[in-house]
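Undergrad: input_13.tsv is reproduced in full below (TSV, C-alpha atoms and all ligand atoms).
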```
chain	number	residue	atom	x	y	z
A	1119	MET	CA	26.30	-17.19	-11.41
A	1120	SER	CA	26.07	-18.76	-14.85
A	1121	MET	CA	27.65	-16.80	-17.68
A	1122	MET	CA	25.18	-18.33	-20.17
A	1123	ARG	CA	22.80	-15.44	-20.27
A	1124	HIS	CA	19.21	-15.76	-21.27
A	1125	LYS	CA	18.50	-14.06	-24.60
A	1126	PRO	CA	15.82	-11.46	-23.91
A	1127	ALA	CA	12.43	-12.15	-25.50
A	1128	VAL	CA	12.32	-8.57	-26.83
A	1129	LEU	CA	15.45	-9.44	-28.81
A	1130	GLY	CA	13.94	-12.62	-30.24
A	1131	GLY	CA	14.63	-15.06	-27.38
A	1132	THR	CA	12.00	-17.35	-25.87
A	1133	PRO	CA	9.99	-15.82	-23.02
A	1134	ARG	CA	11.59	-16.87	-19.71
A	1135	PHE	CA	8.22	-18.04	-18.33
A	1136	ALA	CA	5.57	-19.96	-20.26
A	1137	GLU	CA	2.78	-18.62	-18.04
A	1138	PRO	CA	2.48	-15.07	-16.72
A	1139	VAL	CA	4.04	-14.41	-13.32
A	1140	TYR	CA	1.75	-11.90	-11.64
A	1141	VAL	CA	2.89	-9.17	-9.30
A	1142	THR	CA	0.91	-10.59	-6.39
A	1143	ARG	CA	-1.42	-13.40	-5.47
A	1144	PRO	CA	-3.77	-13.40	-2.49
A	1145	ARG	CA	-3.08	-15.92	0.26
A	1146	LEU	CA	-6.12	-18.10	0.90
A	1147	PRO	CA	-6.90	-20.77	3.49
A	1148	GLU	CA	-7.91	-24.24	2.40
A	1149	HIS	CA	-11.50	-24.17	1.25
A	1150	ARG	CA	-12.44	-26.64	3.99
A	1151	VAL	CA	-11.16	-24.31	6.72
A	1152	TYR	CA	-13.25	-21.43	5.44
A	1153	SER	CA	-16.37	-23.53	4.96
A	1154	GLU	CA	-16.13	-25.03	8.46
A	1155	LEU	CA	-15.79	-21.59	9.99
A	1156	THR	CA	-18.65	-20.08	7.99
A	1157	ALA	CA	-21.02	-22.99	8.71
A	1158	ARG	CA	-21.96	-20.99	11.80
A	1159	ILE	CA	-23.23	-18.14	9.59
A	1160	PHE	CA	-25.64	-20.57	7.91
A	1161	GLU	CA	-26.93	-21.67	11.33
A	1162	THR	CA	-27.56	-18.18	12.64
A	1163	SER	CA	-28.37	-16.34	9.36
A	1164	TRP	CA	-26.55	-13.36	10.87
A	1165	LEU	CA	-24.88	-11.94	7.75
A	1166	THR	CA	-23.88	-8.41	8.68
A	1167	ASN	CA	-24.35	-5.57	11.23
A	1168	ASP	CA	-22.12	-6.13	14.23
A	1169	GLY	CA	-22.04	-9.91	14.02
A	1170	GLU	CA	-19.74	-12.23	15.94
A	1171	PHE	CA	-17.12	-12.62	13.17
A	1172	VAL	CA	-16.75	-8.87	12.72
A	1173	ARG	CA	-16.34	-8.45	16.48
A	1174	ARG	CA	-13.80	-11.25	16.68
A	1175	LEU	CA	-11.81	-9.87	13.78
A	1176	GLU	CA	-11.82	-6.35	15.22
A	1177	ASP	CA	-10.58	-7.66	18.57
A	1178	ARG	CA	-7.79	-9.63	16.97
A	1179	LEU	CA	-6.77	-6.74	14.73
A	1180	ARG	CA	-6.76	-4.18	17.53
A	1181	VAL	CA	-4.26	-6.30	19.43
A	1182	ARG	CA	-2.27	-7.19	16.32
A	1183	LEU	CA	-1.99	-3.55	15.22
A	1184	GLY	CA	-1.18	-2.23	18.68
A	1185	ALA	CA	-4.11	0.21	18.51
A	1186	GLY	CA	-6.59	1.48	21.11
A	1187	PHE	CA	-9.55	0.59	18.88
A	1188	CYS	CA	-10.27	-1.02	15.53
A	1189	ALA	CA	-13.40	-0.47	13.43
A	1190	SER	CA	-13.66	-2.68	10.35
A	1191	VAL	CA	-15.05	-1.17	7.15
A	1192	CYS	CA	-16.09	-2.44	3.71
A	1193	ASN	CA	-12.93	-1.11	2.03
A	1194	GLY	CA	-10.01	1.23	2.63
A	1195	THR	CA	-11.45	4.06	0.53
A	1196	VAL	CA	-14.64	4.22	2.58
A	1197	GLY	CA	-12.38	3.99	5.64
A	1198	LEU	CA	-10.64	7.20	4.52
A	1199	LEU	CA	-13.98	8.93	3.94
A	1200	ILE	CA	-15.24	7.97	7.40
A	1201	ALA	CA	-11.96	8.87	9.10
A	1202	LEU	CA	-11.95	12.36	7.53
A	1203	ARG	CA	-15.67	12.85	8.30
A	1204	SER	CA	-15.24	11.83	11.92
A	1205	LEU	CA	-12.68	14.61	12.47
A	1206	ASP	CA	-15.12	17.28	11.20
A	1207	LEU	CA	-12.54	19.01	9.00
A	1208	ARG	CA	-12.83	22.08	6.74
A	1209	GLY	CA	-10.25	23.44	4.32
A	1210	ASP	CA	-7.08	21.86	2.99
A	1211	VAL	CA	-5.54	18.47	3.52
A	1212	ILE	CA	-1.85	18.11	2.68
A	1213	THR	CA	-1.01	14.79	1.07
A	1214	THR	CA	1.37	12.97	-1.25
A	1215	PRO	CA	0.95	12.67	-5.03
A	1216	PHE	CA	2.89	9.37	-4.95
A	1217	THR	CA	0.05	7.08	-3.92
A	1218	PHE	CA	-2.93	5.11	-5.15
A	1219	PRO	CA	-5.74	7.36	-6.51
A	1220	ALA	CA	-8.03	6.60	-3.52
A	1221	THR	CA	-5.98	8.79	-1.18
A	1222	THR	CA	-6.61	12.01	-3.13
A	1223	HIS	CA	-10.17	11.08	-4.14
A	1224	ALA	CA	-11.16	10.58	-0.50
A	1225	ILE	CA	-10.08	14.15	0.30
A	1226	GLU	CA	-12.02	15.59	-2.65
A	1227	TYR	CA	-15.12	13.43	-1.96
A	1228	SER	CA	-15.10	14.79	1.58
A	1229	GLY	CA	-15.46	18.37	0.33
A	1230	LEU	CA	-11.87	19.14	1.31
A	1231	THR	CA	-9.09	20.40	-0.93
A	1232	PRO	CA	-6.06	18.22	-1.56
A	1233	VAL	CA	-2.73	20.02	-1.39
A	1234	PHE	CA	0.14	18.03	-2.82
A	1235	CYS	CA	3.52	18.06	-1.16
A	1236	ASP	CA	6.71	16.70	-2.74
A	1237	ILE	CA	8.15	13.44	-1.44
A	1238	ASP	CA	11.53	12.50	-0.08
A	1239	PRO	CA	13.56	11.02	-2.97
A	1240	TYR	CA	14.84	8.11	-0.86
A	1241	THR	CA	11.98	7.08	1.44
A	1242	TYR	CA	9.26	8.02	-1.14
A	1243	ASN	CA	7.17	9.47	1.73
A	1244	ILE	CA	6.24	13.07	2.44
A	1245	SER	CA	8.27	14.43	5.36
A	1246	PRO	CA	7.24	16.80	8.17
A	1247	GLU	CA	9.85	19.31	6.94
A	1248	GLN	CA	8.41	19.39	3.41
A	1249	VAL	CA	4.84	19.53	4.74
A	1250	ALA	CA	5.75	22.44	7.06
A	1251	GLU	CA	6.70	24.44	3.97
A	1252	VAL	CA	3.20	24.16	2.49
A	1253	VAL	CA	1.13	24.56	5.70
A	1254	THR	CA	-1.15	27.63	5.61
A	1255	ALA	CA	-3.98	29.00	7.76
A	1256	SER	CA	-6.39	26.83	5.68
A	1257	THR	CA	-4.62	23.57	6.46
A	1258	ALA	CA	-6.86	21.30	8.53
A	1259	ALA	CA	-5.05	18.00	8.35
A	1260	VAL	CA	-2.22	16.00	6.85
A	1261	LEU	CA	-2.84	12.66	5.11
A	1262	PRO	CA	0.55	10.96	4.73
A	1263	VAL	CA	0.88	7.49	3.21
A	1264	HIS	CA	3.30	4.88	4.54
A	1265	VAL	CA	4.28	4.08	0.96
A	1266	PHE	CA	5.04	0.39	0.31
A	1267	GLY	CA	4.74	-0.08	4.08
A	1268	ASN	CA	7.67	2.24	4.87
A	1269	PRO	CA	6.76	4.25	8.00
A	1270	CYS	CA	6.64	8.01	7.66
A	1271	ASP	CA	8.54	10.17	10.15
A	1272	VAL	CA	5.74	9.72	12.68
A	1273	MET	CA	7.52	11.56	15.50
A	1274	GLY	CA	8.12	14.56	13.24
A	1275	PHE	CA	4.47	14.58	12.17
A	1276	GLU	CA	3.40	14.48	15.82
A	1277	ARG	CA	5.47	17.60	16.53
A	1278	LEU	CA	4.15	19.31	13.39
A	1279	ALA	CA	0.55	18.53	14.38
A	1280	ASN	CA	1.04	20.01	17.85
A	1281	GLU	CA	2.77	23.08	16.53
A	1282	HIS	CA	0.12	23.94	13.92
A	1283	ASP	CA	-2.94	22.31	15.52
A	1284	LEU	CA	-3.44	19.83	12.68
A	1285	LYS	CA	-5.03	16.41	12.54
A	1286	ILE	CA	-2.94	13.55	11.17
A	1287	VAL	CA	-4.67	10.69	9.34
A	1288	TYR	CA	-2.33	8.04	8.02
A	1289	ASP	CA	-3.15	6.05	4.91
A	1290	ALA	CA	-1.64	2.81	6.17
A	1291	ALA	CA	-3.12	0.73	3.33
A	1292	HIS	CA	0.31	-0.84	2.67
A	1293	ALA	CA	1.50	-1.05	6.25
A	1294	PHE	CA	-0.51	-3.84	7.90
A	1295	GLY	CA	1.54	-5.50	10.63
A	1296	VAL	CA	4.46	-3.06	10.39
A	1297	SER	CA	5.88	-1.85	13.67
A	1298	HIS	CA	8.01	1.20	14.15
A	1299	ARG	CA	9.91	2.30	17.24
A	1300	ARG	CA	8.48	-0.80	18.91
A	1301	ARG	CA	4.91	0.38	18.38
A	1302	GLY	CA	2.27	-0.85	15.98
A	1303	ILE	CA	2.00	1.43	12.97
A	1304	GLY	CA	-1.69	2.06	13.72
A	1305	SER	CA	-0.90	3.71	17.06
A	1306	TRP	CA	0.45	6.93	15.49
A	1307	GLY	CA	-1.53	10.02	14.49
A	1308	ASP	CA	-5.22	10.64	15.13
A	1309	LEU	CA	-6.40	7.82	12.92
A	1310	SER	CA	-4.96	5.31	10.46
A	1311	ILE	CA	-6.77	3.43	7.74
A	1312	PHE	CA	-5.91	0.01	6.37
A	1313	SER	CA	-7.08	-1.64	3.19
A	1314	PHE	CA	-7.91	-5.35	3.18
A	1315	HIS	CA	-8.29	-5.53	-0.58
A	1316	ALA	CA	-7.33	-8.85	-2.19
A	1317	THR	CA	-4.03	-7.37	-3.41
A	1318	LYS	CA	-2.93	-6.22	0.04
A	1319	ILE	CA	-0.71	-8.34	2.28
A	1320	PHE	CA	-3.53	-9.00	4.75
A	1321	HIS	CA	-6.92	-9.20	3.04
A	1322	THR	CA	-10.59	-10.01	3.45
A	1323	ALA	CA	-11.21	-10.01	-0.37
A	1324	GLU	CA	-12.59	-6.49	0.07
A	1325	GLY	CA	-12.41	-4.70	3.37
A	1326	GLY	CA	-10.47	-2.36	5.58
A	1327	ALA	CA	-10.23	-0.84	9.02
A	1328	ILE	CA	-9.96	2.46	10.82
A	1329	VAL	CA	-7.74	2.30	13.88
A	1330	GLY	CA	-6.33	4.73	16.37
A	1331	ALA	CA	-4.72	5.00	19.77
A	1332	ASP	CA	-7.68	6.71	21.46
A	1333	PRO	CA	-10.58	4.29	22.14
A	1334	SER	CA	-13.00	7.19	22.64
A	1335	ARG	CA	-12.97	7.74	18.86
A	1336	PHE	CA	-14.53	4.33	18.20
A	1337	ALA	CA	-18.15	5.36	18.79
A	1338	SER	CA	-18.23	8.15	16.19
A	1339	VAL	CA	-16.38	6.10	13.60
A	1340	ALA	CA	-18.66	3.09	14.23
A	1341	SER	CA	-21.84	5.13	13.85
A	1342	LEU	CA	-20.58	6.86	10.67
A	1343	ARG	CA	-20.01	3.45	9.03
A	1344	ASN	CA	-23.65	2.63	9.81
A	1345	PHE	CA	-25.44	5.69	8.32
A	1346	GLY	CA	-24.82	7.75	11.46
A	1347	ILE	CA	-27.28	5.61	13.42
A	1348	VAL	CA	-26.58	5.95	17.14
A	1349	ASN	CA	-29.62	4.02	18.35
A	1350	GLU	CA	-33.24	3.37	17.37
A	1351	GLU	CA	-34.20	6.95	18.16
A	1352	VAL	CA	-31.07	8.91	17.18
A	1353	VAL	CA	-29.32	9.39	13.84
A	1354	ARG	CA	-26.44	11.80	14.10
A	1355	GLY	CA	-24.07	13.10	11.41
A	1356	ILE	CA	-23.79	12.23	7.73
A	1357	GLY	CA	-22.98	8.55	7.78
A	1358	ILE	CA	-22.54	6.03	5.02
A	1359	ASN	CA	-22.79	2.26	4.61
A	1360	GLY	CA	-19.26	1.19	5.41
A	1361	LYS	CA	-19.87	-2.16	7.10
A	1362	LEU	CA	-17.85	-5.33	6.60
A	1363	SER	CA	-19.96	-8.50	6.19
A	1364	GLU	CA	-19.64	-11.64	8.31
A	1365	PHE	CA	-18.31	-13.62	5.32
A	1366	HIS	CA	-15.52	-11.13	4.75
A	1367	ALA	CA	-14.68	-11.02	8.45
A	1368	ALA	CA	-14.56	-14.83	8.63
A	1369	LEU	CA	-12.20	-14.90	5.65
A	1370	GLY	CA	-10.05	-12.31	7.45
A	1371	LEU	CA	-9.82	-14.52	10.55
A	1372	THR	CA	-8.46	-17.39	8.46
A	1373	VAL	CA	-6.03	-15.18	6.51
A	1374	LEU	CA	-4.78	-13.61	9.73
A	1375	GLU	CA	-3.72	-17.07	10.96
A	1376	MET	CA	-1.31	-17.27	8.01
A	1377	PHE	CA	-0.01	-13.72	8.21
A	1378	ASP	CA	3.24	-14.33	10.10
A	1379	ASP	CA	4.09	-17.19	7.78
A	1380	GLU	CA	3.34	-14.97	4.76
A	1381	VAL	CA	5.65	-12.22	6.06
A	1382	SER	CA	8.53	-14.61	6.75
A	1383	ASN	CA	8.18	-16.24	3.31
A	1384	ARG	CA	8.28	-12.81	1.73
A	1385	ALA	CA	11.29	-11.75	3.81
A	1386	GLN	CA	13.21	-14.71	2.42
A	1387	ARG	CA	12.21	-13.77	-1.15
A	1388	VAL	CA	13.10	-10.11	-0.66
A	1389	ALA	CA	16.53	-11.12	0.68
A	1390	LEU	CA	17.14	-13.13	-2.48
A	1391	TYR	CA	16.02	-10.27	-4.75
A	1392	ARG	CA	18.28	-7.84	-2.88
A	1393	LYS	CA	21.26	-10.15	-3.18
A	1394	ARG	CA	20.80	-10.68	-6.91
A	1395	LEU	CA	19.85	-7.14	-7.83
A	1396	SER	CA	22.47	-5.10	-6.01
A	1397	VAL	CA	24.05	-3.92	-9.24
A	1398	GLU	CA	24.81	-0.53	-10.71
A	1399	GLY	CA	21.76	1.26	-12.03
A	1400	ILE	CA	19.36	-0.28	-9.50
A	1401	SER	CA	18.63	1.32	-6.14
A	1402	MET	CA	16.02	0.54	-3.50
A	1403	GLN	CA	13.69	2.46	-1.20
A	1404	ARG	CA	15.36	3.62	2.01
A	1405	VAL	CA	13.47	2.23	4.97
A	1406	GLU	CA	13.11	4.23	8.22
A	1407	PRO	CA	15.36	2.76	10.92
A	1408	ASP	CA	13.84	0.88	13.86
A	1409	THR	CA	11.17	-0.70	11.65
A	1410	VAL	CA	9.86	-4.26	11.49
A	1411	PRO	CA	8.73	-4.41	7.84
A	1412	ASN	CA	5.89	-6.45	6.32
A	1413	HIS	CA	7.40	-6.86	2.84
A	1414	ALA	CA	4.11	-5.93	1.23
A	1415	TYR	CA	5.94	-4.85	-1.96
A	1416	PHE	CA	9.34	-5.17	-3.53
A	1417	THR	CA	10.31	-2.21	-5.68
A	1418	ILE	CA	13.45	-1.28	-7.53
A	1419	GLU	CA	14.45	2.10	-8.88
A	1420	ILE	CA	16.06	2.26	-12.31
A	1421	ASP	CA	18.62	4.86	-13.26
A	1422	THR	CA	18.40	5.02	-17.06
A	1423	ASP	CA	22.02	6.01	-17.66
A	1424	SER	CA	23.75	3.48	-15.48
A	1425	PHE	CA	21.24	0.66	-16.02
A	1426	GLY	CA	21.31	1.13	-19.79
A	1427	MET	CA	17.56	1.39	-20.34
A	1428	SER	CA	14.66	3.23	-18.79
A	1429	ARG	CA	12.13	1.88	-16.29
A	1430	ASP	CA	9.49	1.90	-19.05
A	1431	GLN	CA	11.71	-0.11	-21.36
A	1432	LEU	CA	12.45	-2.59	-18.60
A	1433	HIS	CA	8.72	-2.85	-17.81
A	1434	ARG	CA	7.95	-3.71	-21.46
A	1435	ALA	CA	10.88	-6.09	-21.79
A	1436	MET	CA	9.84	-7.94	-18.61
A	1437	ARG	CA	6.30	-8.27	-19.95
A	1438	ALA	CA	7.75	-10.00	-23.03
A	1439	GLU	CA	9.31	-12.53	-20.61
A	1440	ASN	CA	5.81	-13.09	-19.13
A	1441	ILE	CA	6.78	-11.25	-15.95
A	1442	ILE	CA	4.12	-8.73	-14.96
A	1443	THR	CA	5.66	-5.79	-13.13
A	1444	ARG	CA	3.86	-2.63	-12.02
A	1445	LYS	CA	4.79	1.04	-12.33
A	1446	TYR	CA	3.52	1.90	-8.85
A	1447	PHE	CA	2.82	4.88	-8.56
A	1448	TYR	CA	2.76	6.19	-12.08
A	1449	PRO	CA	0.99	8.39	-13.09
A	1450	LEU	CA	1.07	10.62	-10.02
A	1451	CYS	CA	-2.29	11.59	-8.51
A	1452	SER	CA	-1.39	15.23	-9.22
A	1453	ASP	CA	-1.42	14.41	-12.96
A	1454	ASN	CA	-5.08	13.33	-12.91
A	1455	LEU	CA	-7.12	15.80	-15.01
A	1456	ALA	CA	-9.31	16.40	-11.97
A	1457	TYR	CA	-6.40	17.72	-9.91
A	1458	ARG	CA	-3.91	18.92	-12.52
A	1459	SER	CA	-4.97	22.55	-12.32
A	1460	LEU	CA	-4.42	22.81	-8.56
A	1461	PRO	CA	-1.49	25.14	-7.80
A	1462	SER	CA	0.14	22.40	-5.71
A	1463	ALA	CA	-0.09	19.94	-8.63
A	1464	GLN	CA	2.30	21.89	-10.84
A	1465	VAL	CA	5.15	19.71	-12.08
A	1466	ASP	CA	7.92	22.06	-10.91
A	1467	ARG	CA	6.63	21.85	-7.32
A	1468	LEU	CA	6.94	18.06	-7.27
A	1469	PRO	CA	10.34	17.24	-8.74
A	1470	ASN	CA	11.13	14.26	-6.49
A	1471	ALA	CA	7.71	12.69	-6.99
A	1472	HIS	CA	8.03	12.95	-10.77
A	1473	ARG	CA	11.51	11.50	-10.71
A	1474	VAL	CA	10.59	8.55	-8.47
A	1475	ALA	CA	7.35	7.87	-10.41
A	1476	SER	CA	9.36	7.60	-13.63
A	1477	ARG	CA	11.95	5.24	-12.11
A	1478	VAL	CA	10.17	2.81	-9.79
A	1479	LEU	CA	9.16	-0.71	-10.74
A	1480	CYS	CA	7.33	-3.14	-8.51
A	1481	LEU	CA	8.43	-6.77	-9.01
A	1482	PRO	CA	6.36	-9.90	-8.32
A	1483	LEU	CA	6.29	-10.81	-4.64
A	1484	TYR	CA	4.12	-13.13	-2.59
A	1485	GLY	CA	4.73	-15.92	-0.13
A	1486	GLU	CA	3.90	-18.74	-2.53
A	1487	LEU	CA	6.17	-17.42	-5.30
A	1488	SER	CA	8.94	-20.01	-5.61
A	1489	LEU	CA	12.57	-19.07	-4.99
A	1490	ASP	CA	13.35	-20.47	-8.45
A	1491	THR	CA	10.93	-18.00	-9.97
A	1492	ILE	CA	12.61	-15.16	-8.09
A	1493	GLU	CA	15.96	-16.37	-9.48
A	1494	GLY	CA	14.44	-16.38	-12.97
A	1495	ILE	CA	13.01	-12.87	-12.59
A	1496	ALA	CA	16.31	-11.49	-11.28
A	1497	GLU	CA	18.16	-13.27	-14.09
A	1498	CYS	CA	15.90	-11.53	-16.65
A	1499	VAL	CA	16.60	-8.12	-15.11
A	1500	LEU	CA	20.34	-8.79	-15.25
A	1501	SER	CA	20.23	-10.18	-18.80
A	1502	LEU	CA	18.35	-7.10	-19.93
A	1503	LYS	CA	20.92	-4.83	-18.29
A	1504	HIS	CA	23.67	-6.82	-19.99
A	1505	ALA	CA	21.92	-6.71	-23.38
A	1506	ALA	CA	21.31	-2.97	-23.06
A	1507	ALA	CA	24.98	-2.40	-22.30
A	1508	SER	CA	26.07	-4.38	-25.35
A	1509	LEU	CA	23.80	-2.51	-27.79
A	1510	PRO	CA	24.51	1.02	-29.04
A	1511	SER	CA	22.29	3.34	-27.00
A	1512	ASN	CA	19.89	4.33	-29.78
A	1513	ASP	CA	19.46	0.64	-30.60
A	1514	VAL	CA	18.28	0.03	-27.06
A	1515	ALA	CA	15.32	2.31	-27.51
A	1516	ALA	CA	14.53	0.86	-30.94
A	1517	SER	CA	14.71	-2.78	-29.88
A	1518	LEU	CA	12.88	-2.69	-26.58
B	1	LIG	C1	-5.38	0.02	-1.83
B	1	LIG	C2	-5.20	1.41	-1.37
B	1	LIG	C3	-6.27	2.21	-0.95
B	1	LIG	C4	-7.70	1.83	-1.14
B	1	LIG	O1	-8.10	0.70	-0.51
B	1	LIG	P1	-9.38	-0.12	-1.00
B	1	LIG	O2	-9.57	-1.11	0.09
B	1	LIG	O3	-9.03	-0.74	-2.32
B	1	LIG	O4	-10.51	0.84	-1.12
B	1	LIG	C5	-5.99	3.45	-0.41
B	1	LIG	N1	-4.74	3.91	-0.33
B	1	LIG	C6	-3.69	3.20	-0.75
B	1	LIG	C7	-2.31	3.76	-0.62
B	1	LIG	C8	-3.88	1.93	-1.32
B	1	LIG	O5	-2.84	1.23	-1.78
```
Is it possible to give me this structure as structure tokens?
Ligand SMILES: *Cc1c(COP(=O)(O)O)cnc(C)c1O
TA:
Amino acid sequence: MSMMRHKPAVLGGTPRFAEPVYVTRPRLPEHRVYSELTARIFETSWLTNDGEFVRRLEDRLRVRLGAGFCASVCNGTVGLLIALRSLDLRGDVITTPFTFPATTHAIEYSGLTPVFCDIDPYTYNISPEQVAEVVTASTAAVLPVHVFGNPCDVMGFERLANEHDLKIVYDAAHAFGVSHRRRGIGSWGDLSIFSFHATKIFHTAEGGAIVGADPSRFASVASLRNFGIVNEEVVRGIGINGKLSEFHAALGLTVLEMFDDEVSNRAQRVALYRKRLSVEGISMQRVEPDTVPNHAYFTIEIDTDSFGMSRDQLHRAMRAENIITRKYFYPLCSDNLAYRSLPSAQVDRLPNAHRVASRVLCLPLYGELSLDTIEGIAECVLSLKHAAASLPSNDVAASL
């Protein structure tokens, strides 16, 4: 590698990129492909409510995700609400604080009480062992998240569920297309929800799905996403409008065609990042063995002492280079004012989550990001480490 290091922009150098490099960018088909497919919608005027595109997408996804059924929904958050409602739960739901706010909000919106459990410091997921320590007589369910697409210990959760008679709902918003132990990620637990938001690896602009191994759950989930309407005469349960439109489903069909290509492009980019960034002070999430990953995210973990600067300093310094990184997931959900006073949200109960949330940085990754850009991003990280090492430590804080 060249010894001519780039002078960091925070130290007066020129920003490495003239235009911002964003953390992700949605994959889209050619406009022509989408307009040809959706011409049919203009012929039939069938825009929503169990149309042919929604049915086709659900069929394709069920097979793709290795699930017994797939019900599309308007977004992942509503998917969580419907999944929890369909299981008719009361009491507490144990979950992770290291996630996107929707996970905790969905529990609270459902009239249930979130109970935070600390995460594993290496996989970033909650583990069955840690959850077992916080299970009480009021625990109704566990809502683990496959964070950054890394599968939870699904076998362990299965045993825990049987032992304590708990439901398991996975927030699989990051895990589309992941397989684990030669099974699709959506085949574990009672239900799993996916998000098809524009920023997720498979998207329908906005959208999501509820999937599970047991096809007999489809009917209740499908009626809850349509106000609880069973038929013209019968409305049962407290449903909501959670339907995906035909336009979104059609977009999903086109994006699905490109999914394998997207994953393999990302795999190549992740391999390059890993090669360049295996230096002291940077560590990476430990992935469960026997997993086929989707490379939805690429995160690094910064150790302030050995890297020479903190994650927050690196985040700011990268921004000066026009590289937009994300502190996923900081702040923790347990630090939200709405949840902060819960006993389980106390800082001393969640030491690993606090540590990881203060150290993780998500770097730009998407299939169309050029390998040269990845080289440039990695070069900036390394130049910053080098610059930090060559400045006295209190100067690092002052300059960055
Ligand atoms: C994106 C996301 C959601 C919410 O999905 P939407 O489709 O945006 O409603 C839920 N959980 C996690 C972990 C997410 O990343």
Undergrad: Counting only C-alpha atoms and all ligand atoms, give me one row per residue of chain A with an atom at most 10 Å from an atom of ligand LIG 1 (chain B), showing the shortest contact pair and its distance in Å to one decimal, sorted by chain then residue number, as a tab-separated table.
TA:
```
residue	atom	partner	partner_atom	distance
A:Val1191	CA	B:LIG1	O2	8.9
A:Cys1192	CA	B:LIG1	O2	7.6
A:Asn1193	CA	B:LIG1	O2	3.9
A:Gly1194	CA	B:LIG1	O2	3.5
A:Thr1195	CA	B:LIG1	O4	3.7
A:Val1196	CA	B:LIG1	O4	6.5
A:Gly1197	CA	B:LIG1	O4	7.7
A:Leu1198	CA	B:LIG1	C5	7.7
A:Thr1214	CA	B:LIG1	C7	9.9
A:Phe1216	CA	B:LIG1	C7	8.8
A:Thr1217	CA	B:LIG1	C7	5.2
A:Phe1218	CA	B:LIG1	C7	4.8
A:Pro1219	CA	B:LIG1	N1	7.1
A:Ala1220	CA	B:LIG1	C5	4.9
A:Thr1221	CA	B:LIG1	N1	5.1
A:Thr1222	CA	B:LIG1	N1	8.8
A:His1223	CA	B:LIG1	C5	9.5
A:Ala1224	CA	B:LIG1	C5	8.8
A:Pro1262	CA	B:LIG1	C7	9.4
A:Val1263	CA	B:LIG1	C7	6.2
A:His1264	CA	B:LIG1	C7	7.7
A:Val1265	CA	B:LIG1	C7	6.8
A:Phe1266	CA	B:LIG1	C7	8.1
A:Gly1267	CA	B:LIG1	C7	9.3
A:Tyr1288	CA	B:LIG1	N1	9.6
A:Asp1289	CA	B:LIG1	N1	5.9
A:Ala1290	CA	B:LIG1	C7	6.9
A:Ala1291	CA	B:LIG1	C6	4.8
A:His1292	CA	B:LIG1	O5	5.8
A:Ala1293	CA	B:LIG1	C7	9.2
A:Ile1311	CA	B:LIG1	C5	8.2
A:Phe1312	CA	B:LIG1	O1	7.3
A:Ser1313	CA	B:LIG1	O2	4.0
A:Phe1314	CA	B:LIG1	O2	5.5
A:His1315	CA	B:LIG1	O2	4.7
A:Ala1316	CA	B:LIG1	O3	8.3
A:Thr1317	CA	B:LIG1	C1	7.7
A:Lys1318	CA	B:LIG1	C1	7.0
A:His1321	CA	B:LIG1	O2	9.0
A:Thr1322	CA	B:LIG1	O2	9.6
A:Ala1323	CA	B:LIG1	O2	9.1
A:Glu1324	CA	B:LIG1	O2	6.2
A:Gly1325	CA	B:LIG1	O2	5.6
A:Gly1326	CA	B:LIG1	O2	5.7
A:Ala1327	CA	B:LIG1	O2	9.0
A:Tyr1446	CA	B:LIG1	O5	9.5
A:Phe1447	CA	B:LIG1	C7	9.5
```
Undergrad: Around (-20.4, -13.9, 12.4), as given in the file, which residues come within 9 Å? Count only C-alpha atoms and list them as an mmCIF file with C-alpha atoms, in the coordinates of the input.
TA:
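This is the output file point_23.cif:
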```cif
data_model
loop_
_atom_site.group_PDB
_atom_site.id
_atom_site.type_symbol
_atom_site.label_atom_id
_atom_site.label_comp_id
_atom_site.auth_asym_id
_atom_site.auth_seq_id
_atom_site.Cartn_x
_atom_site.Cartn_y
_atom_site.Cartn_z
ATOM 1 C CA THR A 1156 -18.650 -20.080 7.990
ATOM 2 C CA ARG A 1158 -21.960 -20.990 11.800
ATOM 3 C CA ILE A 1159 -23.230 -18.140 9.590
ATOM 4 C CA THR A 1162 -27.560 -18.180 12.640
ATOM 5 C CA SER A 1163 -28.370 -16.340 9.360
ATOM 6 C CA TRP A 1164 -26.550 -13.360 10.870
ATOM 7 C CA LEU A 1165 -24.880 -11.940 7.750
ATOM 8 C CA THR A 1166 -23.880 -8.410 8.680
ATOM 9 C CA ASP A 1168 -22.120 -6.130 14.230
ATOM 10 C CA GLY A 1169 -22.040 -9.910 14.020
ATOM 11 C CA GLU A 1170 -19.740 -12.230 15.940
ATOM 12 C CA PHE A 1171 -17.120 -12.620 13.170
ATOM 13 C CA VAL A 1172 -16.750 -8.870 12.720
ATOM 14 C CA ARG A 1173 -16.340 -8.450 16.480
ATOM 15 C CA ARG A 1174 -13.800 -11.250 16.680
ATOM 16 C CA SER A 1363 -19.960 -8.500 6.190
ATOM 17 C CA GLU A 1364 -19.640 -11.640 8.310
ATOM 18 C CA PHE A 1365 -18.310 -13.620 5.320
ATOM 19 C CA ALA A 1367 -14.680 -11.020 8.450
ATOM 20 C CA ALA A 1368 -14.560 -14.830 8.630
#
```
Undergrad: Point out the residue among A:Gly1399, A:Pro1449, A:Pro1407, A:Pro1138 with the least atom-to-atom distance to A:Cys1270, counting all atoms listed in the file.
TA: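 The shortest atom-to-atom distance to A:Cys1270 comes from A:Pro1407.
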Undergrad: Tell me which protein, DNA and RNA residues are within 8 Å of A:Ser1228, counting all atoms listed in the file, leaving out same-chain ones fewer than 2 positions away, and put them as a short mmCIF file (atom, residue, chain, number, x, y, z; two decimals) with C-alpha atoms, in the coordinates of the input.
TA:
```
data_model
loop_
_atom_site.label_atom_id
_atom_site.label_comp_id
_atom_site.auth_asym_id
_atom_site.auth_seq_id
_atom_site.Cartn_x
_atom_site.Cartn_y
_atom_site.Cartn_z
CA LEU A 1199 -13.98 8.93 3.94
CA LEU A 1202 -11.95 12.36 7.53
CA ARG A 1203 -15.67 12.85 8.30
CA ALA A 1224 -11.16 10.58 -0.50
CA ILE A 1225 -10.08 14.15 0.30
CA GLU A 1226 -12.02 15.59 -2.65
CA LEU A 1230 -11.87 19.14 1.31
#
```
